[in-house]
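Student: The structure follows.
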Amino acid sequence: MNHGKQILLHALILAFAAATLLPFVFVMNNSLRSNAEQYHAFFGLPQSLERIIVTIPAALRGATEPMTVEDEEGTLRQVAPAKALGVSVLTATKGYRHAWHVIRPYMLNSLFVSITTAAGVLLLGSLTAYVLSRQRFFGAKALYLYIIGTMMFPGALTLVPSFMLVKKLGLLNTYWAMILPYIAGGQVFAIFVFKSFFDGLPEELFESARLDGAGHSQLYRYIVLPLSKPVLSVVAVMSILGTWNEFLWPFITNTEGKYHVIASGLYVLATSPYASNFSTLFAAYLISSVPLLLLFIYATKPFIQGVTSGAFKA
Amino acid sequence: MRVRWISLALVVALGAWLLWPQPSDEAPNDTAPKQGHAAHSQDVRYVLRFSPGYFFMPDSVPYGIGKPLQGLKTVVREFEARFPDTRVEFLNVPGVREYLVTQLSSGRAPDIINVNVEDVWTDVQKGWYVALDPYLEQPNPFVVEKGDPNAPGYKQWWDIFRYQAISRGKAAPDGLVYCLSYDMIETGIFYNKDIFGKVGIEAPEDWESFLEVCRKVQAAGYTPVLMSIDMFSDWCTDLFFDQVYNNLLPGIDLLKDPKREPYLQGYLDWDEICFLHNLGFFTSSDPRYGEIWRLMKEFRQYVNRNLATTDLTREFVTQRGAMHWNSSNFTYRLLADKQLGFEWGVFYPPPFTDRTTPHASHVPMCVIGGSANQIEVTNSAFGDTGDPNTSERLQRVIALLQFLTLPENCERVVNEYPCLIPNVVGVPVLPPLKPFEEILERPYTTTKWVYTFDLKFSEIQRRMLELYLNDGIPFEEFLAWQEKNLGAACHNLVMRKPIDIPRMQAAWDAQAAARATMKDLPNE
Amino acid sequence: MNRERIPNHRLRATLSCYAIVAVPVLLLTLFVYLPVIWAFSKSLYQFEIGGESVFVGLGNYVEFLTADPVTWPSLGHMLLLTTFAVCMRLSVPLLVAKLVHSIPVERWRYVYRIVFLTPIVVPGVAVQLIWSGLIYADNGLVNETLRSLGLDSLARGWLSDPTTALPAVALIGLPFVGGFEVLIYYAGLSGIPESVNEAARLEGCTGLRKFFLIDIPMVMSQLKLVLILTIIGGVQGFQGLFIVTRGGPGFKTTVPGLWMYYNAFSFQRMGYACAIGVCLFVLIFGLTLLNMKYFRSTEELEGGR
């Protein structure tokens, strides 16, 4: 392919990438700007950053004449450059510190709920798929249809009755209100994926193991699990992603506000009377992306491997 | 590959350290005490849950400016010191009605909440709230122990409240009082005196001058009035309705409640509205009803383009808008803003004249505010025995409220920043709020539409009004929507609550003479 | 003796299998089937939380389909939004995937794959809030850009203006490239056997012709997957609308799912909300059946040949 065509390709792709990432660039920019700045102009670089850049050389030099800096509450102060640097950094990060303080419990809840759900989904899903796929027993097909049939029901249909059920069970305002329904729903997709994967495994493996006297648990632990590593990561990632972004269900089952996850917590934050500090809001959006970013960094490779391994056939 | 695992382990360790749940890590606005109560933690018998609303929530920062609030927390800590077996937790309830209903019906609501009392009135028969009359008619023990027999509250707790008529007027249609009015709020139109000076205008005295003022301001390039759709649907509707229907009251106010009447001086409850609606009032055949919306549309052209905006403050503070309709707590926002840079004042919407509409009642614009923090006690408070008469927990909750209403305590809470007007005798009004104190002297509104019917009614009215004001639907279609909306709301209420038609019919017939001189009543 | 043993063994095997699946099936029944049955039955009643139930038979359905002025417009909005989403998600990501796939250097391909996958780390709620609070806000990106270009008169409340609300909501997520679709299509394109590419090159089928005649049919199964997911998401999804416009102005951006939520939790009309849910279910069921009947995946195409 000639050089010109390559450049054109790159340019097009970069244009798309820029359009996609533009909103987040603004979010990052505005998370460092104070309310007053944002009131006056939408486009502009954060003054706090400018302050930091200005004070660094003076502080490094060890200079002592006082410089003007704006502190967290917006008042101007005259302090020595070293202190000025500290104050500027504090001002710049005010949004992040405040947002972290607010997001911290939400993040903990999100992590707990998502990880527990993923673990439950993996365990129950792989076990059930193993049984359905490799064992012949009475009613296996009917059971499979029973399980897959749940995919037909829209979440909207079950929203109200699930809420009433959870209320009746006394699970409102607990972690279980979120975890149990998520596992119940998420395992269906896991069973679907695992089963199609297990169906492709050669029967000889199991035959020989069974002849050696292996029972369910040995078959599961020593044959099924090791072989299904690529699929495990795919299912785990999809489960985590699915539960991470669930907003409505935590919102309505969490009437006291203690067990909010990131999704519902962000909404509560953005619509509360305390949302007057824009930098806090935007910093919160960014901070809430960190866990998934980490997941992404570490799980993409196994995920892509799993997806392209052929387990995804529509 | 190994690098990957090591870095993953480091990340997990860092995450665990950052996120490890700490005892101080509770819901963001939870301020359960830590120090000073460790010794008593085994002796705590009652943990009272108090949702004070966002005006006085401890540790919150109003408008994000200034220091976190401490007043309520200080007062409550004193109460706890008095009663070592009690602990009070503050929580922030998302005040949306859907939450409240789910919480109340399962008995999990906070013991003390802060809800508009009209919402309470619709749920009174479900036993969700505690009637406070028995306690209000008794002396307030904290006043009694001070020893001054002339102090308000010595003989009856009722006497401690300043605005008697308003407070008693909050009684539900069943005659019982379910809320304490802790303080008062009122709305007003904040205006930029500098802009007014530049354009050469003064605060208007009647509606025509008001529109003229808006015209001039708009010609000068500013947004005349900054307000949102909620203000149209709630405040404006009540004000305009009162302006055109007030002089009909002798003929259409059928039920007069002796307890509430002294304050309300003519009020249309839901049952009267349903009855009148059946007779053709508030429909497309009621000329006055259409006037309300027509006048609103005429006024709308001087209001900001986007009615759903949340940024009205910004427009006013950066002097792009000349007037801003808001409530009394906005004074704090203006006072605390160090970069404000202009003079401002407050005036109340001026009344209609004959030039505005032939149905003008020639009364000053009514009061639509009134109680701000309306404190109610929920069924959770007597959750220990299930019976309000035997519950000791309930006694403690009531004691907390009695303590809060002492003048010195009310002052520390309500006057911590200029926001609301205290409703306790002897507590002064902060100077910036004086204009609102005067507004409160006006007569009360004829009805409060948004709080009379269910959420569906107010939701649909707000949405359709927004469409109508933005030229999304024509006038006739809007009226058709409203008529159906009101009809459905009345139908729903009638299905759920008893309505005394014969009594109203009798009153209607009896008041025929009063109606004889009124013109333009809807065809029956 | 052998004959007795085998049925026992079978029975034990069956029982052990059921024992294993007992917990998942219990969870499923409890949290999916039970609510569904409950919803179906409650849709025949009219009740609110804390109040009594009144049996109204098919009254809720009749009201929903004939007497509720919000129903048919909301279905229309749902149709428009879903169609637009389908068009966008089947075309733009595929285009970008093809572009990335065409880069000769593997390193760049890797980088770009990462770049386009990055936006999924931002929670969906945050994306909605960013669009409504930063981009469509009165002093947000769009309006400020217009003002700086001198087009002040075009600035408006995009999400609250009756004429622009629905298009504005549809355009959230522009250019619809961040996310899994690019990756899925890329995987599909990578899965095209080298033999096919060779054959195409030999026959002179390159560039756009190759794209339309060979690449697209070869990724049909991926397209079908995204189509199903987008349709299901579009028909029942309303979380985004809840956050961004709450269905307003008026009911211009209301979809049946949102209307159901409002009726259930704001208006307290649980029975009516269940009826709406049942109607949505019928719609999805019908669409799924349609999809299975008329859209053939790559395997089916190959098998058919």
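By convention here, the chains of the structure tokens are called A, B, ... in the order presented, each chain's residues are numbered starting at 1, and ligands are numbered starting at 1 in the order presented.
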Within 6 Å of chain C, which residues belong to chain A? Use only C-alpha atoms and report them as a PyMOL selection string.

Tutor: chain A and resi 128+137+153-154+156-158+161-162+181+184+245+263+285+289+292-293+314

Student: Write the selection just made, keeping N, CA and C atoms, as a PDB file, in the first residue's frame?

Tutor:
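Result file follows (part.pdb):
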```
ATOM      1  N   THR A 128     -23.438 -25.392  35.601  1.00  0.00           N
ATOM      2  CA  THR A 128     -24.678 -25.742  34.921  1.00  0.00           C
ATOM      3  C   THR A 128     -24.415 -26.108  33.471  1.00  0.00           C
ATOM      4  N   PHE A 137     -29.069 -36.683  30.842  1.00  0.00           N
ATOM      5  CA  PHE A 137     -30.018 -37.063  31.875  1.00  0.00           C
ATOM      6  C   PHE A 137     -31.399 -36.577  31.486  1.00  0.00           C
ATOM      7  N   PHE A 153     -37.405 -12.280  28.274  1.00  0.00           N
ATOM      8  CA  PHE A 153     -38.171 -11.310  29.043  1.00  0.00           C
ATOM      9  C   PHE A 153     -37.391 -10.005  29.163  1.00  0.00           C
ATOM     10  N   PRO A 154     -37.991  -8.919  28.748  1.00  0.00           N
ATOM     11  CA  PRO A 154     -37.272  -7.653  28.841  1.00  0.00           C
ATOM     12  C   PRO A 154     -37.093  -7.238  30.288  1.00  0.00           C
ATOM     13  N   ALA A 156     -37.475  -4.519  31.436  1.00  0.00           N
ATOM     14  CA  ALA A 156     -38.546  -3.606  31.793  1.00  0.00           C
ATOM     15  C   ALA A 156     -39.728  -4.349  32.402  1.00  0.00           C
ATOM     16  N   LEU A 157     -40.019  -5.521  31.895  1.00  0.00           N
ATOM     17  CA  LEU A 157     -41.174  -6.259  32.395  1.00  0.00           C
ATOM     18  C   LEU A 157     -40.976  -6.656  33.852  1.00  0.00           C
ATOM     19  N   THR A 158     -39.766  -7.067  34.175  1.00  0.00           N
ATOM     20  CA  THR A 158     -39.552  -7.602  35.515  1.00  0.00           C
ATOM     21  C   THR A 158     -39.136  -6.532  36.514  1.00  0.00           C
ATOM     22  N   PRO A 161     -42.136  -5.981  39.316  1.00  0.00           N
ATOM     23  CA  PRO A 161     -42.331  -7.115  40.210  1.00  0.00           C
ATOM     24  C   PRO A 161     -41.062  -7.526  40.944  1.00  0.00           C
ATOM     25  N   SER A 162     -39.911  -7.391  40.312  1.00  0.00           N
ATOM     26  CA  SER A 162     -38.676  -7.714  41.037  1.00  0.00           C
ATOM     27  C   SER A 162     -38.528  -6.809  42.235  1.00  0.00           C
ATOM     28  N   PRO A 181     -30.252 -10.823  42.097  1.00  0.00           N
ATOM     29  CA  PRO A 181     -30.856 -10.736  40.762  1.00  0.00           C
ATOM     30  C   PRO A 181     -29.809 -10.682  39.648  1.00  0.00           C
ATOM     31  N   ALA A 184     -28.719 -14.138  39.044  1.00  0.00           N
ATOM     32  CA  ALA A 184     -29.805 -14.878  38.392  1.00  0.00           C
ATOM     33  C   ALA A 184     -29.865 -14.556  36.914  1.00  0.00           C
ATOM     34  N   ASN A 245     -22.423  -1.077  34.933  1.00  0.00           N
ATOM     35  CA  ASN A 245     -23.174   0.041  34.396  1.00  0.00           C
ATOM     36  C   ASN A 245     -24.639   0.036  34.766  1.00  0.00           C
ATOM     37  N   ALA A 263     -22.662   3.771  39.458  1.00  0.00           N
ATOM     38  CA  ALA A 263     -23.625   4.258  38.466  1.00  0.00           C
ATOM     39  C   ALA A 263     -24.719   5.095  39.119  1.00  0.00           C
ATOM     40  N   TYR A 285     -16.569  11.859  37.510  1.00  0.00           N
ATOM     41  CA  TYR A 285     -16.722  11.036  36.313  1.00  0.00           C
ATOM     42  C   TYR A 285     -15.402  10.350  35.967  1.00  0.00           C
ATOM     43  N   SER A 289     -13.962   6.114  36.282  1.00  0.00           N
ATOM     44  CA  SER A 289     -13.529   5.302  35.146  1.00  0.00           C
ATOM     45  C   SER A 289     -12.320   4.451  35.471  1.00  0.00           C
ATOM     46  N   LEU A 292     -12.594   0.414  35.753  1.00  0.00           N
ATOM     47  CA  LEU A 292     -12.767  -0.247  34.479  1.00  0.00           C
ATOM     48  C   LEU A 292     -11.520  -0.107  33.621  1.00  0.00           C
ATOM     49  N   LEU A 293     -10.846   1.023  33.770  1.00  0.00           N
ATOM     50  CA  LEU A 293      -9.608   1.198  33.019  1.00  0.00           C
ATOM     51  C   LEU A 293      -8.605   0.121  33.396  1.00  0.00           C
ATOM     52  N   ALA A 314     -23.081 -16.434  16.535  1.00  0.00           N
ATOM     53  CA  ALA A 314     -24.460 -15.956  16.724  1.00  0.00           C
ATOM     54  C   ALA A 314     -25.467 -17.000  16.295  1.00  0.00           C
TER      55      ALA A 314
END
```

Student: So which residues touch Val27 in chain A within 7 Å, counting only C-alpha atoms, skipping near sequence neighbours fewer than 4 positions away, as number ranges by chain?

Tutor: A: 23, 31, 282

Student: Report as a ChimeraX atom specification all protein, DNA and RNA residues lying within 10 Å of range 98-112 of chain A, evaluated on only C-alpha atoms, omitting residues in the same chain fewer than 3 positions from it.

Tutor: /A:93-95,115-118,175,179,240,243-246,257-266,269,277,279-288,290-291 /B:15-16,18-22,25-29

Student: Would you output that residue set with C-alpha atoms, as an mmCIF file, in the first residue's frame?

Tutor:
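Generated output (result_14.cif):
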```cif
data_model
loop_
_atom_site.group_PDB
_atom_site.id
_atom_site.type_symbol
_atom_site.label_atom_id
_atom_site.label_comp_id
_atom_site.auth_asym_id
_atom_site.auth_seq_id
_atom_site.Cartn_x
_atom_site.Cartn_y
_atom_site.Cartn_z
ATOM 1 C CA THR A 93 -6.813 19.010 42.916
ATOM 2 C CA LYS A 94 -9.677 20.274 45.053
ATOM 3 C CA GLY A 95 -12.243 18.752 42.758
ATOM 4 C CA ILE A 115 -16.844 -9.088 41.694
ATOM 5 C CA THR A 116 -19.226 -11.166 43.761
ATOM 6 C CA THR A 117 -21.643 -11.310 40.874
ATOM 7 C CA ALA A 118 -18.912 -12.300 38.429
ATOM 8 C CA TYR A 175 -26.033 -5.796 48.861
ATOM 9 C CA ILE A 179 -26.180 -9.357 43.781
ATOM 10 C CA ILE A 240 -18.454 -7.161 35.300
ATOM 11 C CA THR A 243 -23.253 -5.085 36.362
ATOM 12 C CA TRP A 244 -20.950 -2.098 36.555
ATOM 13 C CA ASN A 245 -23.174 0.041 34.396
ATOM 14 C CA GLU A 246 -26.498 -0.982 35.922
ATOM 15 C CA GLY A 257 -28.564 5.705 49.831
ATOM 16 C CA LYS A 258 -26.008 3.647 51.709
ATOM 17 C CA TYR A 259 -25.386 0.968 49.122
ATOM 18 C CA HIS A 260 -25.181 3.080 46.049
ATOM 19 C CA VAL A 261 -22.863 1.825 43.388
ATOM 20 C CA ILE A 262 -20.926 4.117 41.127
ATOM 21 C CA ALA A 263 -23.625 4.258 38.466
ATOM 22 C CA SER A 264 -26.422 5.316 40.779
ATOM 23 C CA GLY A 265 -24.125 7.293 43.032
ATOM 24 C CA LEU A 266 -22.987 9.489 40.157
ATOM 25 C CA LEU A 269 -24.343 13.306 43.043
ATOM 26 C CA ASN A 277 -19.155 22.468 42.168
ATOM 27 C CA SER A 279 -14.961 20.425 39.016
ATOM 28 C CA THR A 280 -16.033 17.908 41.637
ATOM 29 C CA LEU A 281 -18.622 16.511 39.287
ATOM 30 C CA PHE A 282 -16.232 16.095 36.403
ATOM 31 C CA ALA A 283 -13.498 14.730 38.610
ATOM 32 C CA ALA A 284 -16.021 12.184 39.860
ATOM 33 C CA TYR A 285 -16.722 11.036 36.313
ATOM 34 C CA LEU A 286 -13.030 10.535 35.693
ATOM 35 C CA ILE A 287 -12.299 8.790 38.948
ATOM 36 C CA SER A 288 -15.186 6.421 38.360
ATOM 37 C CA VAL A 290 -10.377 4.106 36.850
ATOM 38 C CA PRO A 291 -11.531 0.632 37.916
ATOM 39 C CA GLY B 15 -6.588 -0.405 45.565
ATOM 40 C CA ALA B 16 -7.152 -2.313 48.776
ATOM 41 C CA LEU B 18 -7.209 3.165 49.151
ATOM 42 C CA LEU B 19 -10.571 1.564 49.410
ATOM 43 C CA TRP B 20 -10.361 -0.261 52.702
ATOM 44 C CA PRO B 21 -13.648 0.473 54.467
ATOM 45 C CA GLN B 22 -12.996 2.769 57.361
ATOM 46 C CA ASP B 25 -16.526 6.027 55.737
ATOM 47 C CA GLU B 26 -20.271 6.207 55.828
ATOM 48 C CA ALA B 27 -22.754 7.621 53.375
ATOM 49 C CA PRO B 28 -21.462 11.051 52.345
ATOM 50 C CA ASN B 29 -23.819 13.085 54.440
#
```

Student: Write out as a PyMOL selection string every residue belonging to chain C that has an atom at most 12 Å from any atom of chain B, counting only C-alpha atoms.

Tutor: chain C and resi 46-54+67-70+132-133+136-140+153-165+244-254+259+261-269

Student: Mind pulling up the distance from CA of Lys216 in chain B to CA of Ile201 in chain B?

Tutor: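 Interatomic distance here is 8.3 Å.
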
Student: Which residue, B:Phe79, B:Trp158, B:Phe478, B:Phe90, has the smallest gap to chain A when you use only C-alpha atoms?

Tutor: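 When distances to chain A are compared using only C-alpha atoms, the smallest one comes from B:Phe90.
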
Student: To one decimal place, how far is CA of Asn415 in chain B from CA of Phe56 in chain B in Å?

Tutor: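 Calculated distance between CA of Asn415 in chain B and CA of Phe56 in chain B is 10.1 Å.
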
Student: Which residues, written as a CSV table (one decimal) with C-alpha atoms, in the first residue's frame, have at least one atom at most 10 Å from range 193-210 of chain A, with only C-alpha atoms counted and residues fewer than 3 positions away on the same chain left out?

Tutor:
```csv
chain,number,residue,atom,x,y,z
A,122,LEU,CA,-18.8,-18.0,36.6
A,125,GLY,CA,-22.7,-20.8,34.9
A,126,SER,CA,-19.9,-23.2,34.2
A,127,LEU,CA,-21.3,-25.9,36.5
A,128,THR,CA,-24.7,-25.7,34.9
A,129,ALA,CA,-23.3,-25.6,31.4
A,130,TYR,CA,-21.0,-28.5,32.1
A,131,VAL,CA,-23.9,-30.6,33.4
A,132,LEU,CA,-26.2,-29.6,30.5
A,133,SER,CA,-23.6,-30.2,27.9
A,134,ARG,CA,-21.7,-33.2,28.9
A,135,GLN,CA,-24.2,-35.2,30.9
A,144,TYR,CA,-31.8,-25.8,28.9
A,187,GLN,CA,-25.7,-16.7,34.6
A,188,VAL,CA,-28.0,-17.2,31.6
A,189,PHE,CA,-25.6,-15.6,29.3
A,190,ALA,CA,-22.7,-17.5,30.9
A,213,GLY,CA,-13.7,-43.5,37.8
A,214,ALA,CA,-13.9,-39.8,37.8
A,215,GLY,CA,-17.0,-38.2,39.3
A,216,HIS,CA,-18.5,-34.8,38.6
A,218,GLN,CA,-13.0,-34.4,39.3
A,219,LEU,CA,-14.3,-34.0,35.7
A,220,TYR,CA,-15.1,-30.4,36.5
A,222,TYR,CA,-9.4,-31.2,36.1
A,223,ILE,CA,-10.8,-31.2,32.7
A,224,VAL,CA,-13.5,-28.6,32.3
A,227,LEU,CA,-9.8,-25.9,29.2
A,228,SER,CA,-12.2,-23.1,29.5
A,231,VAL,CA,-14.1,-18.4,27.9
A,232,LEU,CA,-13.8,-17.7,31.6
A,234,VAL,CA,-14.8,-13.4,28.4
A,235,VAL,CA,-17.7,-14.2,30.6
A,309,SER,CA,-11.5,-18.4,19.9
A,310,GLY,CA,-14.7,-19.1,18.2
A,311,ALA,CA,-16.9,-19.2,21.3
A,312,PHE,CA,-19.0,-16.4,19.8
A,313,LYS,CA,-21.2,-17.8,17.1
```

Student: Give me the residues near Asn140 in chain B as a VMD selection string, where near means some atom within 9 Å (using only C-alpha atoms) and where sequence neighbours in that chain fewer than 4 positions away do not count.

Tutor: chain B and resid 135 to 136 144 to 145 153 to 158 160 399 402 to 403 406

Student: Any chance you could export the current selection's N, CA and C atoms as a PDB file, in the first residue's frame?

Tutor:
```pdb
ATOM      1  N   TYR B 135     -49.573  16.505  71.465  1.00  0.00           N
ATOM      2  CA  TYR B 135     -48.351  17.076  72.051  1.00  0.00           C
ATOM      3  C   TYR B 135     -48.365  18.584  71.978  1.00  0.00           C
ATOM      4  N   LEU B 136     -48.938  19.113  70.883  1.00  0.00           N
ATOM      5  CA  LEU B 136     -48.952  20.559  70.707  1.00  0.00           C
ATOM      6  C   LEU B 136     -49.872  21.222  71.729  1.00  0.00           C
ATOM      7  N   VAL B 144     -41.097  24.781  80.268  1.00  0.00           N
ATOM      8  CA  VAL B 144     -41.577  24.742  81.657  1.00  0.00           C
ATOM      9  C   VAL B 144     -40.411  24.709  82.626  1.00  0.00           C
ATOM     10  N   GLU B 145     -39.382  23.963  82.292  1.00  0.00           N
ATOM     11  CA  GLU B 145     -38.299  23.832  83.274  1.00  0.00           C
ATOM     12  C   GLU B 145     -37.500  25.113  83.389  1.00  0.00           C
ATOM     13  N   GLY B 153     -45.144  28.748  75.102  1.00  0.00           N
ATOM     14  CA  GLY B 153     -44.847  27.329  75.182  1.00  0.00           C
ATOM     15  C   GLY B 153     -45.027  26.800  76.583  1.00  0.00           C
ATOM     16  N   TYR B 154     -45.156  27.699  77.549  1.00  0.00           N
ATOM     17  CA  TYR B 154     -45.329  27.258  78.945  1.00  0.00           C
ATOM     18  C   TYR B 154     -46.665  26.570  79.121  1.00  0.00           C
ATOM     19  N   LYS B 155     -47.717  27.182  78.549  1.00  0.00           N
ATOM     20  CA  LYS B 155     -49.044  26.584  78.706  1.00  0.00           C
ATOM     21  C   LYS B 155     -49.319  25.573  77.619  1.00  0.00           C
ATOM     22  N   GLN B 156     -48.950  25.947  76.388  1.00  0.00           N
ATOM     23  CA  GLN B 156     -49.180  25.042  75.275  1.00  0.00           C
ATOM     24  C   GLN B 156     -48.004  25.143  74.320  1.00  0.00           C
ATOM     25  N   TRP B 157     -47.560  24.053  73.814  1.00  0.00           N
ATOM     26  CA  TRP B 157     -46.465  24.066  72.843  1.00  0.00           C
ATOM     27  C   TRP B 157     -46.824  24.920  71.623  1.00  0.00           C
ATOM     28  N   TRP B 158     -48.111  24.910  71.294  1.00  0.00           N
ATOM     29  CA  TRP B 158     -48.596  25.688  70.162  1.00  0.00           C
ATOM     30  C   TRP B 158     -48.130  27.139  70.219  1.00  0.00           C
ATOM     31  N   ILE B 160     -45.597  28.578  70.985  1.00  0.00           N
ATOM     32  CA  ILE B 160     -44.203  28.926  70.724  1.00  0.00           C
ATOM     33  C   ILE B 160     -44.010  29.371  69.271  1.00  0.00           C
ATOM     34  N   ALA B 399     -39.683  14.705  72.113  1.00  0.00           N
ATOM     35  CA  ALA B 399     -38.830  15.548  72.954  1.00  0.00           C
ATOM     36  C   ALA B 399     -37.789  16.262  72.105  1.00  0.00           C
ATOM     37  N   GLN B 402     -39.464  19.124  70.538  1.00  0.00           N
ATOM     38  CA  GLN B 402     -39.734  20.196  71.489  1.00  0.00           C
ATOM     39  C   GLN B 402     -38.464  20.979  71.787  1.00  0.00           C
ATOM     40  N   PHE B 403     -37.365  20.238  71.873  1.00  0.00           N
ATOM     41  CA  PHE B 403     -36.082  20.887  72.144  1.00  0.00           C
ATOM     42  C   PHE B 403     -35.673  21.806  70.993  1.00  0.00           C
ATOM     43  N   LEU B 406     -37.178  25.406  70.837  1.00  0.00           N
ATOM     44  CA  LEU B 406     -36.861  26.451  71.797  1.00  0.00           C
ATOM     45  C   LEU B 406     -36.221  27.619  71.062  1.00  0.00           C
TER      46      LEU B 406
END
```

Student: Between A:Ile183, A:Ile52, A:Leu76, A:Ala119, single out the one closest to chain B, counting only C-alpha atoms.

Tutor: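 That would be A:Leu76, the residue with the smallest distance to chain B.
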